[in-house]
file upload.tsv (TSV, C-alpha atoms and all ligand atoms)
chain	number	residue	atom	x	y	z
A	1	MET	CA	-1.96	28.41	-13.63
A	2	ALA	CA	-5.01	27.98	-15.85
A	3	PRO	CA	-8.31	27.61	-13.97
A	4	VAL	CA	-8.64	23.96	-15.04
A	5	ASP	CA	-5.21	23.17	-13.52
A	6	ASP	CA	-6.22	24.99	-10.35
A	7	ALA	CA	-9.44	22.99	-10.12
A	8	ARG	CA	-7.57	19.72	-10.73
A	9	ARG	CA	-5.02	20.52	-8.02
A	10	LEU	CA	-7.78	21.47	-5.57
A	11	TYR	CA	-9.68	18.24	-6.32
A	12	LEU	CA	-6.58	16.07	-5.90
A	13	ASP	CA	-5.56	17.81	-2.65
A	14	LEU	CA	-9.07	17.31	-1.32
A	15	LEU	CA	-9.07	13.66	-2.44
A	16	LYS	CA	-5.75	13.03	-0.66
A	17	ALA	CA	-7.17	14.55	2.51
A	18	ALA	CA	-10.40	12.59	2.18
A	19	VAL	CA	-8.79	9.15	1.77
A	20	ARG	CA	-6.57	9.86	4.78
A	21	ASN	CA	-9.47	11.35	6.75
A	22	SER	CA	-7.18	14.17	7.72
A	23	ILE	CA	-10.03	16.65	7.48
A	24	TYR	CA	-12.42	15.36	10.12
A	25	ARG	CA	-10.29	13.10	12.27
A	26	ASP	CA	-9.97	14.11	15.89
A	27	GLU	CA	-6.52	15.54	16.24
A	28	VAL	CA	-4.65	13.67	18.97
A	29	PRO	CA	-0.93	13.85	19.65
A	30	ARG	CA	0.72	11.01	17.76
A	31	PRO	CA	1.36	8.60	19.33
A	32	SER	CA	-1.32	9.29	21.91
A	33	PRO	CA	-0.96	8.28	25.59
A	34	ARG	CA	-3.24	5.29	24.86
A	35	GLU	CA	-0.99	4.22	22.01
A	36	ARG	CA	2.11	4.51	24.19
A	37	GLU	CA	0.44	2.31	26.80
A	38	PHE	CA	-0.53	-0.22	24.13
A	39	ALA	CA	3.03	-0.18	22.78
A	40	GLU	CA	4.49	-0.87	26.23
A	41	ALA	CA	2.09	-3.77	26.91
A	42	LEU	CA	2.75	-5.26	23.52
A	43	ARG	CA	6.53	-4.98	23.84
A	44	ALA	CA	6.34	-6.83	27.15
A	45	THR	CA	4.23	-9.62	25.59
A	46	LEU	CA	6.58	-9.96	22.63
A	47	ARG	CA	9.64	-10.05	24.91
A	48	GLU	CA	8.02	-12.80	26.94
A	49	LYS	CA	7.19	-14.81	23.83
A	50	TYR	CA	10.23	-14.21	21.62
A	51	GLY	CA	12.96	-13.17	24.09
A	52	ALA	CA	15.93	-11.43	22.47
A	53	ARG	CA	14.35	-11.96	19.01
A	54	ALA	CA	11.46	-9.60	19.85
A	55	PRO	CA	11.59	-6.51	17.65
A	56	ASP	CA	11.49	-3.13	19.27
A	57	TRP	CA	8.33	-1.88	17.58
A	58	SER	CA	8.28	1.84	18.18
A	59	ALA	CA	5.18	3.60	19.43
A	60	GLU	CA	5.14	5.40	16.05
A	61	THR	CA	5.04	2.13	14.14
A	62	LEU	CA	2.35	0.77	16.41
A	63	HIS	CA	0.41	3.90	15.75
A	64	ALA	CA	-0.12	2.65	12.21
A	65	VAL	CA	-1.50	-0.60	13.60
A	66	LEU	CA	-3.91	1.19	15.87
A	67	GLU	CA	-4.93	3.44	13.03
A	68	ALA	CA	-6.46	0.34	11.49
A	69	ASN	CA	-8.83	0.20	14.45
A	70	ARG	CA	-10.26	3.55	13.49
A	71	PRO	CA	-13.00	2.63	11.07
A	72	VAL	CA	-12.85	5.87	9.16
A	73	ALA	CA	-9.73	6.58	7.11
A	74	HIS	CA	-9.70	4.76	3.76
A	75	THR	CA	-5.91	4.40	3.81
A	76	LEU	CA	-3.27	3.91	6.50
A	77	ALA	CA	-0.90	6.05	4.41
A	78	GLU	CA	0.87	9.12	5.69
A	79	LEU	CA	0.82	12.31	3.63
A	80	ALA	CA	4.25	11.63	2.08
A	81	GLN	CA	2.97	8.26	0.84
A	82	VAL	CA	-0.12	9.64	-0.91
A	83	ASP	CA	2.00	12.49	-2.31
A	84	ASN	CA	4.36	9.86	-3.72
A	85	VAL	CA	1.52	8.02	-5.48
A	86	LEU	CA	0.26	11.30	-6.93
A	87	SER	CA	3.72	12.27	-8.14
A	88	CYS	CA	4.48	8.84	-9.70
A	89	VAL	CA	1.13	8.70	-11.52
A	90	GLU	CA	1.41	12.30	-12.75
A	91	THR	CA	4.94	11.55	-14.01
A	92	VAL	CA	3.90	8.48	-16.04
A	93	LEU	CA	0.99	10.45	-17.51
A	94	ALA	CA	3.23	13.40	-18.42
A	95	ASP	CA	5.90	11.11	-19.92
A	96	ASP	CA	3.41	8.84	-21.67
A	97	VAL	CA	4.73	5.70	-19.97
A	98	PRO	CA	2.34	2.94	-21.01
A	99	GLY	CA	0.41	0.74	-18.62
A	100	ASP	CA	-2.14	0.32	-15.89
A	101	LEU	CA	-1.86	1.10	-12.18
A	102	ILE	CA	-1.98	-1.52	-9.44
A	103	GLU	CA	-1.80	-1.76	-5.68
A	104	THR	CA	-1.26	-5.20	-4.13
A	105	GLY	CA	-2.62	-5.00	-0.57
A	106	VAL	CA	-5.28	-2.32	-0.48
A	107	PHE	CA	-7.07	-2.73	2.89
A	108	ARG	CA	-9.90	-0.14	2.65
A	109	GLY	CA	-8.78	0.90	-0.82
A	110	GLY	CA	-7.75	4.53	-0.24
A	111	GLN	CA	-4.58	4.51	-2.35
A	112	THR	CA	-6.37	2.87	-5.30
A	113	ILE	CA	-9.26	5.33	-4.93
A	114	LEU	CA	-6.65	8.09	-5.22
A	115	MET	CA	-5.17	6.42	-8.34
A	116	ARG	CA	-8.61	6.28	-9.97
A	117	GLY	CA	-9.26	9.91	-8.99
A	118	ILE	CA	-5.99	11.01	-10.64
A	119	LEU	CA	-6.96	9.29	-13.91
A	120	LYS	CA	-10.37	10.96	-13.70
A	121	ALA	CA	-8.85	14.39	-13.01
A	122	TYR	CA	-6.68	14.09	-16.13
A	123	GLY	CA	-9.47	12.67	-18.29
A	124	VAL	CA	-7.56	9.40	-18.84
A	125	THR	CA	-9.87	6.67	-20.13
A	126	ASP	CA	-7.39	4.10	-21.47
A	127	ARG	CA	-5.74	3.01	-18.23
A	128	ARG	CA	-7.17	0.85	-15.47
A	129	VAL	CA	-6.63	0.63	-11.72
A	130	PHE	CA	-6.16	-2.89	-10.34
A	131	VAL	CA	-7.22	-3.50	-6.75
A	132	ALA	CA	-5.55	-6.70	-5.51
A	133	ASP	CA	-6.22	-8.17	-2.10
A	134	SER	CA	-7.37	-11.35	-0.38
A	135	PHE	CA	-10.13	-9.24	1.20
A	136	GLN	CA	-9.72	-11.54	4.17
A	137	GLY	CA	-6.57	-10.04	5.65
A	138	LEU	CA	-2.92	-11.07	5.74
A	139	PRO	CA	-1.99	-14.74	5.20
A	140	ALA	CA	-0.27	-16.69	7.98
A	141	PRO	CA	3.43	-16.14	7.23
A	142	LYS	CA	5.64	-19.23	6.90
A	143	LEU	CA	9.11	-18.07	5.94
A	144	ASN	CA	10.10	-15.04	7.99
A	145	ILE	CA	10.30	-14.65	11.77
A	146	ASP	CA	9.66	-10.88	11.71
A	147	ASP	CA	6.44	-11.57	9.83
A	148	ALA	CA	5.44	-14.24	12.36
A	149	ILE	CA	5.89	-11.73	15.16
A	150	ALA	CA	3.99	-9.05	13.26
A	151	HIS	CA	1.20	-11.54	12.67
A	152	ASP	CA	0.79	-11.80	16.45
A	153	VAL	CA	0.67	-8.02	16.73
A	154	LEU	CA	-1.82	-7.69	13.90
A	155	ASP	CA	-4.19	-10.21	15.48
A	156	SER	CA	-5.65	-7.24	17.33
A	157	VAL	CA	-6.77	-5.70	14.02
A	158	ALA	CA	-7.91	-8.94	12.33
A	159	HIS	CA	-4.91	-8.75	9.95
A	160	PHE	CA	-6.60	-5.92	8.03
A	161	ALA	CA	-9.48	-8.11	6.85
A	162	ILE	CA	-12.17	-6.20	4.97
A	163	SER	CA	-14.58	-7.43	2.31
A	164	ALA	CA	-14.33	-6.53	-1.38
A	165	ASP	CA	-17.89	-5.19	-1.22
A	166	ARG	CA	-16.90	-2.72	1.49
A	167	VAL	CA	-14.00	-1.54	-0.68
A	168	ARG	CA	-16.30	-1.23	-3.73
A	169	ASP	CA	-18.65	0.80	-1.57
A	170	ASN	CA	-15.75	3.07	-0.59
A	171	PHE	CA	-14.99	3.70	-4.30
A	172	ARG	CA	-18.70	4.39	-4.89
A	173	ARG	CA	-18.77	7.06	-2.19
A	174	TYR	CA	-16.25	9.09	-4.21
A	175	GLY	CA	-18.14	8.48	-7.46
A	176	LEU	CA	-15.11	6.50	-8.67
A	177	LEU	CA	-16.38	2.93	-9.11
A	178	ASP	CA	-16.57	2.15	-12.82
A	179	GLU	CA	-15.23	-0.16	-15.52
A	180	GLN	CA	-11.73	1.29	-15.17
A	181	VAL	CA	-11.51	-0.26	-11.68
A	182	CYS	CA	-10.70	-4.01	-11.66
A	183	PHE	CA	-10.75	-6.09	-8.51
A	184	LEU	CA	-8.37	-9.06	-8.21
A	185	GLU	CA	-9.84	-10.99	-5.30
A	186	GLY	CA	-7.81	-13.75	-3.64
A	187	TRP	CA	-4.27	-14.59	-2.53
A	188	PHE	CA	-1.58	-12.95	-4.66
A	189	CYS	CA	-0.03	-16.33	-5.51
A	190	ASP	CA	-3.36	-17.32	-7.14
A	191	THR	CA	-4.52	-14.05	-8.71
A	192	LEU	CA	-1.39	-12.20	-9.86
A	193	PRO	CA	0.19	-14.78	-12.18
A	194	HIS	CA	-3.00	-14.74	-14.35
A	195	ALA	CA	-4.02	-11.10	-13.86
A	196	PRO	CA	-5.35	-9.64	-17.13
A	197	ILE	CA	-2.72	-6.88	-17.26
A	198	SER	CA	-0.20	-6.62	-20.06
A	199	LYS	CA	1.70	-3.47	-19.05
A	200	ILE	CA	2.04	-1.66	-15.74
A	201	ALA	CA	3.02	2.00	-15.30
A	202	VAL	CA	2.86	2.16	-11.49
A	203	MET	CA	2.93	-0.83	-9.14
A	204	ARG	CA	2.52	-0.22	-5.44
A	205	LEU	CA	3.21	-3.18	-3.18
A	206	ASP	CA	1.72	-3.07	0.30
A	207	GLY	CA	1.39	-6.72	1.33
A	208	ASP	CA	3.71	-6.40	4.35
A	209	TYR	CA	5.14	-9.91	4.45
A	210	TYR	CA	7.97	-11.76	2.70
A	211	GLU	CA	5.81	-14.13	0.61
A	212	SER	CA	3.28	-11.43	-0.30
A	213	THR	CA	5.98	-9.05	-1.54
A	214	ARG	CA	7.91	-11.80	-3.34
A	215	ASP	CA	4.75	-13.09	-5.08
A	216	ALA	CA	3.83	-9.59	-6.27
A	217	LEU	CA	7.33	-8.81	-7.57
A	218	THR	CA	7.67	-12.16	-9.31
A	219	SER	CA	4.34	-11.86	-11.13
A	220	LEU	CA	4.30	-8.14	-11.90
A	221	TYR	CA	7.79	-6.67	-12.28
A	222	GLY	CA	8.27	-8.16	-15.74
A	223	LYS	CA	5.24	-6.14	-16.88
A	224	LEU	CA	6.47	-2.81	-15.49
A	225	SER	CA	7.22	-0.43	-18.38
A	226	VAL	CA	10.57	1.28	-18.65
A	227	GLY	CA	9.91	4.68	-17.05
A	228	GLY	CA	7.34	3.11	-14.70
A	229	PHE	CA	7.53	3.09	-10.91
A	230	ALA	CA	7.78	0.30	-8.32
A	231	ILE	CA	6.71	1.52	-4.88
A	232	ILE	CA	7.35	-0.65	-1.82
A	233	ASP	CA	5.29	0.49	1.15
A	234	ASP	CA	6.79	-1.60	3.94
A	235	TYR	CA	10.52	-1.65	3.18
A	236	GLY	CA	11.52	0.20	6.36
A	237	LEU	CA	9.32	-1.77	8.77
A	238	PRO	CA	10.47	-4.76	10.83
A	239	LEU	CA	8.86	-7.15	8.34
A	240	GLY	CA	9.94	-9.69	5.69
A	241	CYS	CA	9.12	-7.23	2.89
A	242	ARG	CA	12.66	-5.87	2.80
A	243	GLN	CA	14.22	-9.34	2.44
A	244	ALA	CA	11.91	-10.13	-0.50
A	245	VAL	CA	12.80	-6.87	-2.25
A	246	ASP	CA	16.55	-7.19	-1.66
A	247	GLU	CA	16.56	-10.80	-2.90
A	248	PHE	CA	14.49	-9.97	-5.99
A	249	ARG	CA	16.61	-6.94	-6.93
A	250	ALA	CA	19.81	-8.98	-6.54
A	251	GLU	CA	18.45	-11.91	-8.58
A	252	GLN	CA	17.22	-9.64	-11.37
A	253	GLY	CA	20.24	-7.34	-11.34
A	254	ILE	CA	18.07	-4.28	-10.68
A	255	ARG	CA	20.47	-1.38	-10.14
A	256	GLU	CA	18.15	1.61	-10.04
A	257	PRO	CA	18.72	3.14	-6.60
A	258	LEU	CA	16.02	2.89	-3.95
A	259	ARG	CA	14.62	6.33	-3.19
A	260	ALA	CA	13.09	7.00	0.23
A	261	VAL	CA	9.56	8.39	0.48
A	262	ASP	CA	9.85	8.39	4.28
A	263	ALA	CA	11.28	6.04	6.91
A	264	GLN	CA	8.87	3.30	5.83
A	265	THR	CA	8.40	3.48	2.06
A	266	VAL	CA	10.82	3.33	-0.88
A	267	PHE	CA	10.45	3.41	-4.66
A	268	TRP	CA	12.46	3.25	-7.86
A	269	ARG	CA	11.89	4.18	-11.48
A	270	ARG	CA	12.60	1.42	-13.97
A	271	GLU	CA	15.37	2.40	-16.38
A	272	GLN	CA	15.83	-0.81	-18.36
B	301	LIG	C1	-1.25	-2.93	5.46
B	301	LIG	S1	-2.62	-3.47	4.54
B	301	LIG	C2	-2.60	-2.40	3.14
B	301	LIG	C3	-2.85	-0.94	3.46
B	301	LIG	C4	-3.35	-0.12	2.27
B	301	LIG	N1	-2.44	-0.13	1.15
B	301	LIG	C5	-3.71	1.28	2.66
B	301	LIG	O1	-3.47	2.19	1.85
B	301	LIG	O2	-4.24	1.49	3.77
B	301	LIG	C6	-2.05	-5.00	3.86
B	301	LIG	C7	-3.07	-5.64	2.92
B	301	LIG	O3	-2.40	-6.66	2.18
B	301	LIG	C8	-3.30	-7.75	1.98
B	301	LIG	N2	-2.44	-8.94	1.71
B	301	LIG	C9	-1.22	-9.19	2.25
B	301	LIG	N3	-0.70	-10.31	1.75
B	301	LIG	C10	-1.58	-10.78	0.83
B	301	LIG	C11	-1.57	-11.90	-0.05
B	301	LIG	N4	-0.55	-12.76	-0.08
B	301	LIG	N5	-2.63	-12.06	-0.87
B	301	LIG	C12	-3.67	-11.19	-0.86
B	301	LIG	N6	-3.73	-10.10	-0.03
B	301	LIG	C13	-2.70	-9.89	0.81
B	301	LIG	C14	-4.10	-7.80	3.28
B	301	LIG	O4	-5.35	-8.44	3.09
B	301	LIG	C15	-4.24	-6.31	3.62
B	301	LIG	O5	-5.43	-5.77	3.11
call {"tool": "encode", "arguments": {"input": "upload.tsv", "output": "structure tokens", "more": "lines below"}}
Ligand SMILES: C[S@@+](CC[C@H](N)C(=O)[O-])C[C@H]1O[C@@H](n2cnc3c(N)ncnc32)[C@H](O)[C@@H]1O
result
Amino acid sequence: MAPVDDARRLYLDLLKAAVRNSIYRDEVPRPSPREREFAEALRATLREKYGARAPDWSAETLHAVLEANRPVAHTLAELAQVDNVLSCVETVLADDVPGDLIETGVFRGGQTILMRGILKAYGVTDRRVFVADSFQGLPAPKLNIDDAIAHDVLDSVAHFAISADRVRDNFRRYGLLDEQVCFLEGWFCDTLPHAPISKIAVMRLDGDYYESTRDALTSLYGKLSVGGFAIIDDYGLPLGCRQAVDEFRAEQGIREPLRAVDAQTVFWRREQ
């Protein structure tokens, strides 16, 4: 490998570790005893409130919720999920698939910081990274019972509310806030239909709920280039996301198979 490739790989590996805070975070067994206790208490509350309809949120899934209480990592993503973003973006660059990159539902911004870092590492100046979020947390869900239950659970972490200025500051800390980063601030149903994007090469949807996922797919999928990637973060979780994706794929006749990143996340590459 040429030294420049080595340096790029080292930078991107370090960036992945930095956004996940896997370098400095205190290593605790996952899920920790505290998380198991929390999971048990929460399951009991949900059973009381929703009876047989209560989902059996595993301690591992709840771990992700608690992770949001740790004010350090810039993404909730597991290693496989940041590796997937890196591999999709590197593929569209290598194959010259036109378009910008977008994540809908960014929380502290880590995955979009990684996207910007990848463009920087490859010297790409003609693609932008779109950072779409309400920056006031998840909306109250109306159409899906799993989302309603999750909304109760996520009360304890303020539904991932974080201000756009905090996310901009996170980008700045990596030296990655510039004119190639575009914030779309507001509810997806208001911002995405008019987003100033003509072509998308990678779209990563991480809005958790039925409406949030449906709104993102409806506004953005038509702009996804052939050869581009659609990544769905929450498909494997007990949330309305999966219903929105299944409905949209059926309506649009999308036949490209879903590929698993891990038990939670899926993606496909657009072929037509
Ligand atoms: C689980 S967090 C995203 C995690 C993030 N991708 C990461 O890497 O850590 C979900 C985010 O989606 C946002 N969100 C969900 N539905 C939304 C909607 N309809 N409009 C705007 N933002 C939304 C929330 O504000 C929250 O920041």
call {"tool": "atom_distance", "arguments": {"input": "upload.tsv", "atom1": "CA of Ala54 in chain A", "atom2": "CA of Leu138 in chain A"}}
result
20.2 Å
call {"tool": "closest_atom_pairs", "arguments": {"input": "upload.tsv", "of": "chain A", "to": "ligand LIG 301 (chain B)", "cutoff": "8 Å", "atoms": "all atoms listed in the file", "output": "CSV"}}
result
residue,atom,partner,partner_atom,distance
A:His74,CA,B:LIG301,O2,6.4
A:Thr75,CA,B:LIG301,O2,3.4
A:Leu76,CA,B:LIG301,O2,3.8
A:Ala77,CA,B:LIG301,O1,5.3
A:Glu103,CA,B:LIG301,N1,7.1
A:Thr104,CA,B:LIG301,O3,6.6
A:Gly105,CA,B:LIG301,O3,3.2
A:Val106,CA,B:LIG301,N1,3.9
A:Phe107,CA,B:LIG301,O5,3.5
A:Arg108,CA,B:LIG301,O2,6.0
A:Gly109,CA,B:LIG301,O1,6.1
A:Gly110,CA,B:LIG301,O1,5.3
A:Gln111,CA,B:LIG301,O1,4.9
A:Thr112,CA,B:LIG301,O1,7.7
A:Ala132,CA,B:LIG301,N6,6.7
A:Asp133,CA,B:LIG301,N6,3.8
A:Ser134,CA,B:LIG301,C12,3.7
A:Phe135,CA,B:LIG301,O4,5.2
A:Gln136,CA,B:LIG301,O4,5.5
A:Gly137,CA,B:LIG301,O4,3.3
A:Leu138,CA,B:LIG301,C14,4.3
A:Pro139,CA,B:LIG301,N3,5.8
A:His159,CA,B:LIG301,C14,6.8
A:Phe160,CA,B:LIG301,C15,5.0
A:Ala161,CA,B:LIG301,O4,5.6
A:Ile162,CA,B:LIG301,O5,7.0
A:Glu185,CA,B:LIG301,C12,7.6
A:Gly186,CA,B:LIG301,C12,5.6
A:Trp187,CA,B:LIG301,N5,3.4
A:Phe188,CA,B:LIG301,N5,4.0
A:Cys189,CA,B:LIG301,N4,6.5
A:Leu205,CA,B:LIG301,N1,7.7
A:Asp206,CA,B:LIG301,N1,5.2
A:Gly207,CA,B:LIG301,C9,3.7
A:Asp208,CA,B:LIG301,C6,5.9
A:Tyr209,CA,B:LIG301,N3,6.4
A:Glu211,CA,B:LIG301,N4,6.5
A:Ser212,CA,B:LIG301,N4,4.1
A:Thr213,CA,B:LIG301,N3,7.6
A:Asp215,CA,B:LIG301,N4,7.3
A:Asp233,CA,B:LIG301,N1,7.8
call {"tool": "closest_residue", "arguments": {"input": "upload.tsv", "among": "A:Asp146, A:Asp165, A:Asp100, A:Asp262", "to": "Arg204 in chain A", "atoms": "all atoms listed in the file"}}
result
A:Asp100
call {"tool": "atom_distance", "arguments": {"input": "upload.tsv", "atom1": "CA of Tyr235 in chain A", "atom2": "CA of Ala263 in chain A"}}
result
8.6 Å
call {"tool": "atom_distance", "arguments": {"input": "upload.tsv", "atom1": "CA of Ala39 in chain A", "atom2": "CA of Pro55 in chain A"}}
result
11.8 Å
call {"tool": "closest_residue", "arguments": {"input": "upload.tsv", "among": "A:Ala41, A:Met115, A:Ala164, A:Cys182", "to": "Asn84 in chain A", "atoms": "only C-alpha atoms"}}
result
A:Met115
call {"tool": "residues_around", "arguments": {"input": "upload.tsv", "residues": "Lys16 in chain A", "least_positions_apart": "2", "cutoff": "12 Å", "atoms": "all atoms listed in the file", "output": "PDB file with C-alpha atoms, in the frame of the given file"}}
result
ATOM      1  CA  ARG A   9      -5.020  20.520  -8.020  1.00  0.00           C
ATOM      2  CA  LEU A  10      -7.780  21.470  -5.570  1.00  0.00           C
ATOM      3  CA  TYR A  11      -9.680  18.240  -6.320  1.00  0.00           C
ATOM      4  CA  LEU A  12      -6.580  16.070  -5.900  1.00  0.00           C
ATOM      5  CA  ASP A  13      -5.560  17.810  -2.650  1.00  0.00           C
ATOM      6  CA  LEU A  14      -9.070  17.310  -1.320  1.00  0.00           C
ATOM      7  CA  ALA A  18     -10.400  12.590   2.180  1.00  0.00           C
ATOM      8  CA  VAL A  19      -8.790   9.150   1.770  1.00  0.00           C
ATOM      9  CA  ARG A  20      -6.570   9.860   4.780  1.00  0.00           C
ATOM     10  CA  ASN A  21      -9.470  11.350   6.750  1.00  0.00           C
ATOM     11  CA  SER A  22      -7.180  14.170   7.720  1.00  0.00           C
ATOM     12  CA  ILE A  23     -10.030  16.650   7.480  1.00  0.00           C
ATOM     13  CA  ALA A  73      -9.730   6.580   7.110  1.00  0.00           C
ATOM     14  CA  HIS A  74      -9.700   4.760   3.760  1.00  0.00           C
ATOM     15  CA  THR A  75      -5.910   4.400   3.810  1.00  0.00           C
ATOM     16  CA  LEU A  76      -3.270   3.910   6.500  1.00  0.00           C
ATOM     17  CA  ALA A  77      -0.900   6.050   4.410  1.00  0.00           C
ATOM     18  CA  GLU A  78       0.870   9.120   5.690  1.00  0.00           C
ATOM     19  CA  LEU A  79       0.820  12.310   3.630  1.00  0.00           C
ATOM     20  CA  ALA A  80       4.250  11.630   2.080  1.00  0.00           C
ATOM     21  CA  GLN A  81       2.970   8.260   0.840  1.00  0.00           C
ATOM     22  CA  VAL A  82      -0.120   9.640  -0.910  1.00  0.00           C
ATOM     23  CA  ASP A  83       2.000  12.490  -2.310  1.00  0.00           C
ATOM     24  CA  ASN A  84       4.360   9.860  -3.720  1.00  0.00           C
ATOM     25  CA  VAL A  85       1.520   8.020  -5.480  1.00  0.00           C
ATOM     26  CA  LEU A  86       0.260  11.300  -6.930  1.00  0.00           C
ATOM     27  CA  GLY A 110      -7.750   4.530  -0.240  1.00  0.00           C
ATOM     28  CA  GLN A 111      -4.580   4.510  -2.350  1.00  0.00           C
ATOM     29  CA  THR A 112      -6.370   2.870  -5.300  1.00  0.00           C
ATOM     30  CA  ILE A 113      -9.260   5.330  -4.930  1.00  0.00           C
ATOM     31  CA  LEU A 114      -6.650   8.090  -5.220  1.00  0.00           C
ATOM     32  CA  MET A 115      -5.170   6.420  -8.340  1.00  0.00           C
ATOM     33  CA  ARG A 116      -8.610   6.280  -9.970  1.00  0.00           C
ATOM     34  CA  GLY A 117      -9.260   9.910  -8.990  1.00  0.00           C
ATOM     35  CA  ILE A 118      -5.990  11.010 -10.640  1.00  0.00           C
ATOM     36  CA  TYR A 174     -16.250   9.090  -4.210  1.00  0.00           C
TER      37      TYR A 174
END
call {"tool": "closest_residue", "arguments": {"input": "upload.tsv", "among": "A:Tyr50, A:Trp57, A:Phe183, A:Phe267", "to": "Val129 in chain A", "atoms": "only C-alpha atoms"}}
result
A:Phe183
call {"tool": "closest_residue", "arguments": {"input": "upload.tsv", "among": "A:Gly227, A:Val97, A:Val72, A:Lys120", "to": "Arg8 in chain A", "atoms": "only C-alpha atoms"}}
result
A:Lys120
call {"tool": "axis_aligned_box", "arguments": {"input": "upload.tsv", "around": "range 88-96 of chain A", "padding_each_side": "5 Å", "output": "AutoDock Vina command-line options"}}
result
--center_x 3.4 --center_y 10.9 --center_z -15.7 --size_x 14.9 --size_y 14.9 --size_z 22.0
call {"tool": "decode", "arguments": {"input": "upload.tsv", "residues": "range 224-237 of chain A", "atoms": "N, CA and C atoms", "output": "PDB file, in the first residue's frame"}}
result
ATOM      1  N   LEU A 224     -32.068   9.107  -5.242  1.00  0.00           N
ATOM      2  CA  LEU A 224     -30.923   8.207  -5.061  1.00  0.00           C
ATOM      3  C   LEU A 224     -30.444   7.707  -6.424  1.00  0.00           C
ATOM      4  N   SER A 225     -29.179   7.922  -6.726  1.00  0.00           N
ATOM      5  CA  SER A 225     -28.613   7.479  -8.006  1.00  0.00           C
ATOM      6  C   SER A 225     -28.627   5.962  -8.100  1.00  0.00           C
ATOM      7  N   VAL A 226     -28.714   5.464  -9.327  1.00  0.00           N
ATOM      8  CA  VAL A 226     -28.472   4.033  -9.542  1.00  0.00           C
ATOM      9  C   VAL A 226     -27.026   3.772  -9.124  1.00  0.00           C
ATOM     10  N   GLY A 227     -26.812   2.720  -8.344  1.00  0.00           N
ATOM     11  CA  GLY A 227     -25.471   2.456  -7.803  1.00  0.00           C
ATOM     12  C   GLY A 227     -25.284   3.052  -6.422  1.00  0.00           C
ATOM     13  N   GLY A 228     -26.259   3.887  -5.982  1.00  0.00           N
ATOM     14  CA  GLY A 228     -26.188   4.479  -4.644  1.00  0.00           C
ATOM     15  C   GLY A 228     -26.751   3.534  -3.594  1.00  0.00           C
ATOM     16  N   PHE A 229     -26.571   3.915  -2.340  1.00  0.00           N
ATOM     17  CA  PHE A 229     -26.975   3.041  -1.228  1.00  0.00           C
ATOM     18  C   PHE A 229     -28.051   3.687  -0.371  1.00  0.00           C
ATOM     19  N   ALA A 230     -29.033   2.855   0.031  1.00  0.00           N
ATOM     20  CA  ALA A 230     -30.016   3.250   1.056  1.00  0.00           C
ATOM     21  C   ALA A 230     -29.708   2.406   2.296  1.00  0.00           C
ATOM     22  N   ILE A 231     -29.435   3.079   3.394  1.00  0.00           N
ATOM     23  CA  ILE A 231     -29.113   2.379   4.648  1.00  0.00           C
ATOM     24  C   ILE A 231     -30.228   2.689   5.650  1.00  0.00           C
ATOM     25  N   ILE A 232     -30.758   1.640   6.275  1.00  0.00           N
ATOM     26  CA  ILE A 232     -31.862   1.822   7.223  1.00  0.00           C
ATOM     27  C   ILE A 232     -31.378   1.348   8.595  1.00  0.00           C
ATOM     28  N   ASP A 233     -31.142   2.299   9.472  1.00  0.00           N
ATOM     29  CA  ASP A 233     -30.510   1.961  10.754  1.00  0.00           C
ATOM     30  C   ASP A 233     -31.366   1.061  11.633  1.00  0.00           C
ATOM     31  N   ASP A 234     -32.686   1.327  11.669  1.00  0.00           N
ATOM     32  CA  ASP A 234     -33.508   0.751  12.747  1.00  0.00           C
ATOM     33  C   ASP A 234     -34.384  -0.420  12.329  1.00  0.00           C
ATOM     34  N   TYR A 235     -34.100  -1.012  11.166  1.00  0.00           N
ATOM     35  CA  TYR A 235     -35.001  -2.018  10.600  1.00  0.00           C
ATOM     36  C   TYR A 235     -35.247  -3.190  11.557  1.00  0.00           C
ATOM     37  N   GLY A 236     -34.224  -3.590  12.300  1.00  0.00           N
ATOM     38  CA  GLY A 236     -34.366  -4.782  13.156  1.00  0.00           C
ATOM     39  C   GLY A 236     -34.857  -4.484  14.559  1.00  0.00           C
ATOM     40  N   LEU A 237     -35.154  -3.228  14.871  1.00  0.00           N
ATOM     41  CA  LEU A 237     -35.607  -2.888  16.222  1.00  0.00           C
ATOM     42  C   LEU A 237     -37.126  -2.963  16.315  1.00  0.00           C
TER      43      LEU A 237
END
